[in-house]
Amino acid sequence: VRFGASAEWCPLAVMCRIDGTAMARRGRGEGSIYRREDGRWEAKIDLGRVNGKRVRKSIYGRTRREVQEKLARLQADRLRGLPIVDERTTVRDFLEQWLETVRGRLRPKTYRSYEQIVRVHLIPFLGSLPLAKLQPHHVQQLVTSRLEHGLSPRTADYCRVVLRAALNDALKWGIVHRNVAALVGPPRQERRRFQAWDVDEARRFLEAARDDRLG
């Protein structure tokens with residue numbers, strides 16, 4: 001589910017169910033947090049509509065207080081315009097939210113290049129991973145796989161650069177604790193070696209070029 005800036009804004013209504021059945025509300029001013037049959041506590045945040053569909057996000061915790069604290073943080077992040085993520089948020093979820101969040105601050109050409117890298121390379125390879133479990137070796141595998149698929153070292157590294165930019169924002173927003181893409185170096189780029197012509201080769205080239213002009 002994507003939670004981008006295109007979502008229609010609405011108050012952060014909170015709902016909760018146990019196996020789909022609504023339960024009694026908590027006290028006034030405490031929000032709507034409920035205990036599940038498995039013993040955990042749950043709340044649901046109504047994030048409005050994305051692409052015409054109502055989007056809700058669940059929050060879980062072992063205690064009522066834990067869910068209440070998570071809920072307060074998510075509400076604050078939402079009011080600040082930050083992507084809403086939790087331990088189950090995938091790389092795909094975050095990258096789609098990130099693109100919507102940064103679109104207004106990027107030049108159109110830069111945004112298009114970022115969007116293409118995210119759509120064609122990052123999401124297909126890393127999208128299903130939980131963001132919280134993304135590690136440097138995953139980024140290294142991404143770069144290696146791009147090289148194996150025929151991308152140039154420069155383009156393969158650009159995939160890492162775009163991911164690093166996204167994770168830099170995630171780090172500033174307090175979503176991740178480190179930027180794993182910054183811990184991976186660029187791929188080695190082979191320098192082309194040019195062999196200089198000797199005198200005879202240069203003379204033959206000049207003669208051929210002269211004949212071609214005369215013809």
# chains A, B, ... in the order shown; residues from 1 in each chain; ligands from 1
>>> residues_around(residues="Ile123 in chain A", least_positions_apart="6", cutoff="10 Å", atoms="only C-alpha atoms", output="list in words")
Thr90, Val91, Arg92, Asp93, Leu95, Glu96, Ile117 and Leu129 of chain A
>>> write_last_selection(atoms="all heavy atoms", output="PDB file, in the first residue's frame")
ATOM      1  N   THR A  90       7.931  -2.231   3.808  1.00  0.00           N
ATOM      2  CA  THR A  90       8.917  -2.777   2.879  1.00  0.00           C
ATOM      3  C   THR A  90       9.696  -1.652   2.205  1.00  0.00           C
ATOM      4  O   THR A  90       9.312  -0.485   2.262  1.00  0.00           O
ATOM      5  CB  THR A  90       8.236  -3.629   1.798  1.00  0.00           C
ATOM      6  OG1 THR A  90       7.380  -2.778   1.011  1.00  0.00           O
ATOM      7  CG2 THR A  90       7.423  -4.758   2.415  1.00  0.00           C
ATOM      8  N   VAL A  91      10.775  -2.047   1.553  1.00  0.00           N
ATOM      9  CA  VAL A  91      11.557  -1.077   0.783  1.00  0.00           C
ATOM     10  C   VAL A  91      10.683  -0.439  -0.289  1.00  0.00           C
ATOM     11  O   VAL A  91      10.763   0.766  -0.544  1.00  0.00           O
ATOM     12  CB  VAL A  91      12.792  -1.752   0.164  1.00  0.00           C
ATOM     13  CG1 VAL A  91      13.524  -0.809  -0.778  1.00  0.00           C
ATOM     14  CG2 VAL A  91      13.738  -2.247   1.260  1.00  0.00           C
ATOM     15  N   ARG A  92       9.830  -1.236  -0.899  1.00  0.00           N
ATOM     16  CA  ARG A  92       8.918  -0.700  -1.923  1.00  0.00           C
ATOM     17  C   ARG A  92       8.001   0.360  -1.329  1.00  0.00           C
ATOM     18  O   ARG A  92       7.830   1.444  -1.913  1.00  0.00           O
ATOM     19  CB  ARG A  92       8.084  -1.829  -2.517  1.00  0.00           C
ATOM     20  CG  ARG A  92       7.054  -1.322  -3.522  1.00  0.00           C
ATOM     21  CD  ARG A  92       6.166  -2.439  -4.046  1.00  0.00           C
ATOM     22  NE  ARG A  92       5.350  -1.929  -5.137  1.00  0.00           N
ATOM     23  CZ  ARG A  92       5.173  -2.539  -6.285  1.00  0.00           C
ATOM     24  NH1 ARG A  92       5.766  -3.686  -6.524  1.00  0.00           N
ATOM     25  NH2 ARG A  92       4.405  -2.015  -7.212  1.00  0.00           N
ATOM     26  N   ASP A  93       7.383   0.056  -0.174  1.00  0.00           N
ATOM     27  CA  ASP A  93       6.494   1.015   0.472  1.00  0.00           C
ATOM     28  C   ASP A  93       7.214   2.341   0.704  1.00  0.00           C
ATOM     29  O   ASP A  93       6.695   3.415   0.395  1.00  0.00           O
ATOM     30  CB  ASP A  93       5.990   0.475   1.815  1.00  0.00           C
ATOM     31  CG  ASP A  93       5.091  -0.737   1.663  1.00  0.00           C
ATOM     32  OD1 ASP A  93       4.449  -0.870   0.604  1.00  0.00           O
ATOM     33  OD2 ASP A  93       5.031  -1.541   2.609  1.00  0.00           O
ATOM     34  N   LEU A  95      10.078   3.553  -0.659  1.00  0.00           N
ATOM     35  CA  LEU A  95      10.540   4.258  -1.860  1.00  0.00           C
ATOM     36  C   LEU A  95       9.393   4.961  -2.576  1.00  0.00           C
ATOM     37  O   LEU A  95       9.565   6.070  -3.093  1.00  0.00           O
ATOM     38  CB  LEU A  95      11.237   3.281  -2.800  1.00  0.00           C
ATOM     39  CG  LEU A  95      12.615   2.784  -2.346  1.00  0.00           C
ATOM     40  CD1 LEU A  95      13.141   1.739  -3.315  1.00  0.00           C
ATOM     41  CD2 LEU A  95      13.600   3.940  -2.218  1.00  0.00           C
ATOM     42  N   GLU A  96       8.232   4.345  -2.613  1.00  0.00           N
ATOM     43  CA  GLU A  96       7.086   4.980  -3.265  1.00  0.00           C
ATOM     44  C   GLU A  96       6.652   6.223  -2.489  1.00  0.00           C
ATOM     45  O   GLU A  96       6.326   7.253  -3.079  1.00  0.00           O
ATOM     46  CB  GLU A  96       5.936   3.979  -3.395  1.00  0.00           C
ATOM     47  CG  GLU A  96       6.217   2.900  -4.444  1.00  0.00           C
ATOM     48  CD  GLU A  96       5.135   1.849  -4.526  1.00  0.00           C
ATOM     49  OE1 GLU A  96       4.341   1.736  -3.556  1.00  0.00           O
ATOM     50  OE2 GLU A  96       5.056   1.149  -5.546  1.00  0.00           O
ATOM     51  N   ILE A 117      14.829   4.701 -11.949  1.00  0.00           N
ATOM     52  CA  ILE A 117      15.714   3.789 -11.224  1.00  0.00           C
ATOM     53  C   ILE A 117      14.941   3.019 -10.157  1.00  0.00           C
ATOM     54  O   ILE A 117      15.108   1.801  -9.991  1.00  0.00           O
ATOM     55  CB  ILE A 117      16.885   4.564 -10.586  1.00  0.00           C
ATOM     56  CG1 ILE A 117      17.844   5.072 -11.664  1.00  0.00           C
ATOM     57  CG2 ILE A 117      17.637   3.684  -9.582  1.00  0.00           C
ATOM     58  CD1 ILE A 117      18.573   3.997 -12.439  1.00  0.00           C
ATOM     59  N   LEU A 129      11.772  -6.621   0.577  1.00  0.00           N
ATOM     60  CA  LEU A 129      12.483  -6.669   1.858  1.00  0.00           C
ATOM     61  C   LEU A 129      11.888  -5.663   2.838  1.00  0.00           C
ATOM     62  O   LEU A 129      11.579  -4.528   2.462  1.00  0.00           O
ATOM     63  CB  LEU A 129      13.959  -6.323   1.664  1.00  0.00           C
ATOM     64  CG  LEU A 129      14.887  -7.391   1.108  1.00  0.00           C
ATOM     65  CD1 LEU A 129      16.247  -6.779   0.813  1.00  0.00           C
ATOM     66  CD2 LEU A 129      15.043  -8.523   2.111  1.00  0.00           C
TER      67      LEU A 129
END
>>> select_by_dssp(residues="range 42-146 of chain A", states="strand (DSSP E)", output="list in words")
Glu42, Ala43, Lys44, Ile45, Asp46, Leu47, Gly48, Arg49, Val50, Lys53, Arg54, Val55, Arg56, Lys57, Ser58, Ile59, Tyr60 and Gly61 of chain A
>>> write_last_selection(atoms="N, CA, C and O atoms", output="compact mmCIF listing (two decimals), in the first residue's frame")
# COMPACT_ATOMS: atom_id res chain seq x y z
N GLU A 42 -3.78 -3.11 19.49
CA GLU A 42 -3.79 -2.66 18.10
C GLU A 42 -4.55 -1.35 17.97
O GLU A 42 -5.51 -1.09 18.69
N ALA A 43 -4.08 -0.54 17.03
CA ALA A 43 -4.81 0.65 16.61
C ALA A 43 -4.70 0.74 15.09
O ALA A 43 -3.75 0.22 14.51
N LYS A 44 -5.65 1.38 14.45
CA LYS A 44 -5.61 1.60 13.01
C LYS A 44 -5.72 3.08 12.73
O LYS A 44 -6.61 3.75 13.25
N ILE A 45 -4.80 3.60 11.90
CA ILE A 45 -4.85 5.00 11.50
C ILE A 45 -5.48 5.10 10.12
O ILE A 45 -5.09 4.39 9.20
N ASP A 46 -6.45 5.98 9.99
CA ASP A 46 -7.07 6.24 8.70
C ASP A 46 -6.27 7.33 8.00
O ASP A 46 -6.19 8.46 8.46
N LEU A 47 -5.63 6.97 6.89
CA LEU A 47 -4.74 7.89 6.17
C LEU A 47 -5.41 8.57 4.99
O LEU A 47 -4.74 9.21 4.19
N GLY A 48 -6.71 8.39 4.84
CA GLY A 48 -7.40 9.02 3.71
C GLY A 48 -7.45 8.08 2.52
O GLY A 48 -7.43 6.87 2.66
N ARG A 49 -7.50 8.66 1.33
CA ARG A 49 -7.64 7.87 0.11
C ARG A 49 -6.42 8.03 -0.78
O ARG A 49 -5.90 9.13 -0.93
N VAL A 50 -5.97 6.92 -1.34
CA VAL A 50 -4.89 6.90 -2.33
C VAL A 50 -5.42 6.17 -3.54
O VAL A 50 -5.86 5.03 -3.46
N LYS A 53 -8.84 4.67 -3.12
CA LYS A 53 -9.05 3.62 -2.13
C LYS A 53 -8.70 4.13 -0.73
O LYS A 53 -7.73 4.82 -0.54
N ARG A 54 -9.54 3.74 0.23
CA ARG A 54 -9.28 4.12 1.61
C ARG A 54 -8.07 3.35 2.13
O ARG A 54 -7.95 2.15 1.94
N VAL A 55 -7.15 4.07 2.76
CA VAL A 55 -5.91 3.47 3.25
C VAL A 55 -5.90 3.55 4.77
O VAL A 55 -6.07 4.63 5.35
N ARG A 56 -5.70 2.42 5.43
CA ARG A 56 -5.59 2.36 6.88
C ARG A 56 -4.32 1.64 7.27
O ARG A 56 -3.91 0.70 6.60
N LYS A 57 -3.73 2.06 8.34
CA LYS A 57 -2.48 1.47 8.80
C LYS A 57 -2.65 0.96 10.22
O LYS A 57 -3.16 1.68 11.08
N SER A 58 -2.22 -0.27 10.47
CA SER A 58 -2.32 -0.85 11.80
C SER A 58 -1.06 -0.59 12.61
O SER A 58 0.04 -0.55 12.07
N ILE A 59 -1.25 -0.44 13.89
CA ILE A 59 -0.15 -0.29 14.84
C ILE A 59 -0.33 -1.36 15.91
O ILE A 59 -1.43 -1.53 16.45
N TYR A 60 0.74 -2.07 16.23
CA TYR A 60 0.67 -3.16 17.20
C TYR A 60 1.67 -2.94 18.33
O TYR A 60 2.70 -2.29 18.17
N GLY A 61 1.36 -3.54 19.47
CA GLY A 61 2.27 -3.48 20.60
C GLY A 61 1.89 -4.48 21.66
O GLY A 61 0.76 -4.98 21.68
>>> residues_around(residues="Val176 in chain A", least_positions_apart="3", cutoff="8 Å", atoms="only C-alpha atoms", output="PDB file with all heavy atoms, in the first residue's frame")
ATOM      1  N   ALA A 132      13.457  -2.218   7.586  1.00  0.00           N
ATOM      2  CA  ALA A 132      14.254  -2.348   8.811  1.00  0.00           C
ATOM      3  C   ALA A 132      15.317  -3.436   8.706  1.00  0.00           C
ATOM      4  O   ALA A 132      16.280  -3.446   9.482  1.00  0.00           O
ATOM      5  CB  ALA A 132      13.343  -2.637  10.001  1.00  0.00           C
ATOM      6  N   LEU A 167      17.743   6.796   1.443  1.00  0.00           N
ATOM      7  CA  LEU A 167      18.052   6.404   2.819  1.00  0.00           C
ATOM      8  C   LEU A 167      18.638   7.558   3.617  1.00  0.00           C
ATOM      9  O   LEU A 167      18.526   7.585   4.848  1.00  0.00           O
ATOM     10  CB  LEU A 167      19.003   5.204   2.819  1.00  0.00           C
ATOM     11  CG  LEU A 167      18.407   3.908   2.250  1.00  0.00           C
ATOM     12  CD1 LEU A 167      19.446   2.801   2.256  1.00  0.00           C
ATOM     13  CD2 LEU A 167      17.165   3.491   3.027  1.00  0.00           C
ATOM     14  N   ALA A 170      15.617   9.051   4.917  1.00  0.00           N
ATOM     15  CA  ALA A 170      15.087   8.177   5.964  1.00  0.00           C
ATOM     16  C   ALA A 170      15.869   8.343   7.268  1.00  0.00           C
ATOM     17  O   ALA A 170      15.297   8.322   8.356  1.00  0.00           O
ATOM     18  CB  ALA A 170      15.132   6.720   5.503  1.00  0.00           C
ATOM     19  N   LEU A 171      17.174   8.533   7.141  1.00  0.00           N
ATOM     20  CA  LEU A 171      18.021   8.735   8.318  1.00  0.00           C
ATOM     21  C   LEU A 171      17.686  10.063   9.002  1.00  0.00           C
ATOM     22  O   LEU A 171      17.561  10.133  10.234  1.00  0.00           O
ATOM     23  CB  LEU A 171      19.486   8.697   7.907  1.00  0.00           C
ATOM     24  CG  LEU A 171      20.539   8.677   9.013  1.00  0.00           C
ATOM     25  CD1 LEU A 171      20.396   7.433   9.879  1.00  0.00           C
ATOM     26  CD2 LEU A 171      21.938   8.735   8.413  1.00  0.00           C
ATOM     27  N   TRP A 173      14.886  11.626   8.882  1.00  0.00           N
ATOM     28  CA  TRP A 173      13.535  11.559   9.423  1.00  0.00           C
ATOM     29  C   TRP A 173      13.421  10.601  10.604  1.00  0.00           C
ATOM     30  O   TRP A 173      12.359  10.463  11.189  1.00  0.00           O
ATOM     31  CB  TRP A 173      12.568  11.128   8.326  1.00  0.00           C
ATOM     32  CG  TRP A 173      12.464  12.105   7.198  1.00  0.00           C
ATOM     33  CD1 TRP A 173      12.712  13.457   7.243  1.00  0.00           C
ATOM     34  CD2 TRP A 173      12.099  11.819   5.842  1.00  0.00           C
ATOM     35  NE1 TRP A 173      12.517  14.023   6.016  1.00  0.00           N
ATOM     36  CE2 TRP A 173      12.144  13.060   5.125  1.00  0.00           C
ATOM     37  CE3 TRP A 173      11.725  10.663   5.160  1.00  0.00           C
ATOM     38  CZ2 TRP A 173      11.834  13.151   3.772  1.00  0.00           C
ATOM     39  CZ3 TRP A 173      11.428  10.758   3.810  1.00  0.00           C
ATOM     40  CH2 TRP A 173      11.477  11.978   3.125  1.00  0.00           C
ATOM     41  N   ASN A 179      22.538   4.510   7.108  1.00  0.00           N
ATOM     42  CA  ASN A 179      22.349   4.449   5.660  1.00  0.00           C
ATOM     43  C   ASN A 179      23.214   3.321   5.118  1.00  0.00           C
ATOM     44  O   ASN A 179      24.419   3.488   4.916  1.00  0.00           O
ATOM     45  CB  ASN A 179      22.735   5.788   5.022  1.00  0.00           C
ATOM     46  CG  ASN A 179      22.409   5.835   3.534  1.00  0.00           C
ATOM     47  OD1 ASN A 179      22.284   4.806   2.876  1.00  0.00           O
ATOM     48  ND2 ASN A 179      22.279   7.032   3.005  1.00  0.00           N
TER      49      ASN A 179
END
>>> closest_residue(among="A:Arg112, A:His138, A:Trp98, A:Glu66", to="Leu183 in chain A", atoms="only C-alpha atoms")
A:His138
>>> residues_around(residues="Arg188 in chain A", least_positions_apart="4", cutoff="12 Å", atoms="only C-alpha atoms", output="JSON, numbers by chain")
{"A": [143, 144, 147, 152, 153, 154, 155, 156, 157]}
>>> write_last_selection(atoms="C-alpha atoms", output="mmCIF file, in the first residue's frame")
data_model
loop_
_atom_site.group_PDB
_atom_site.id
_atom_site.type_symbol
_atom_site.label_atom_id
_atom_site.label_comp_id
_atom_site.auth_asym_id
_atom_site.auth_seq_id
_atom_site.Cartn_x
_atom_site.Cartn_y
_atom_site.Cartn_z
ATOM 1 C CA VAL A 143 24.877 -3.516 -7.791
ATOM 2 C CA THR A 144 26.347 -6.889 -8.757
ATOM 3 C CA LEU A 147 26.261 -5.446 -13.730
ATOM 4 C CA SER A 152 27.485 -0.231 -17.229
ATOM 5 C CA PRO A 153 29.368 0.282 -13.948
ATOM 6 C CA ARG A 154 28.261 3.910 -13.985
ATOM 7 C CA THR A 155 24.560 3.042 -14.327
ATOM 8 C CA ALA A 156 24.788 0.235 -11.775
ATOM 9 C CA ASP A 157 26.333 2.668 -9.331
#
>>> closest_residue(among="A:Arg64, A:Leu142, A:Thr101, A:Ala165", to="Tyr114 in chain A", atoms="only C-alpha atoms")
A:Ala165
>>> atom_distance(atom1="CA of Arg88 in chain A", atom2="CA of Ser128 in chain A")
10.4 Å
>>> atom_distance(atom1="CA of Lys172 in chain A", atom2="CA of Phe94 in chain A")
14.0 Å
>>> closest_residue(among="A:Gly174, A:Pro187, A:Gly104, A:Gly127", to="Ser145 in chain A", atoms="only C-alpha atoms")
A:Pro187
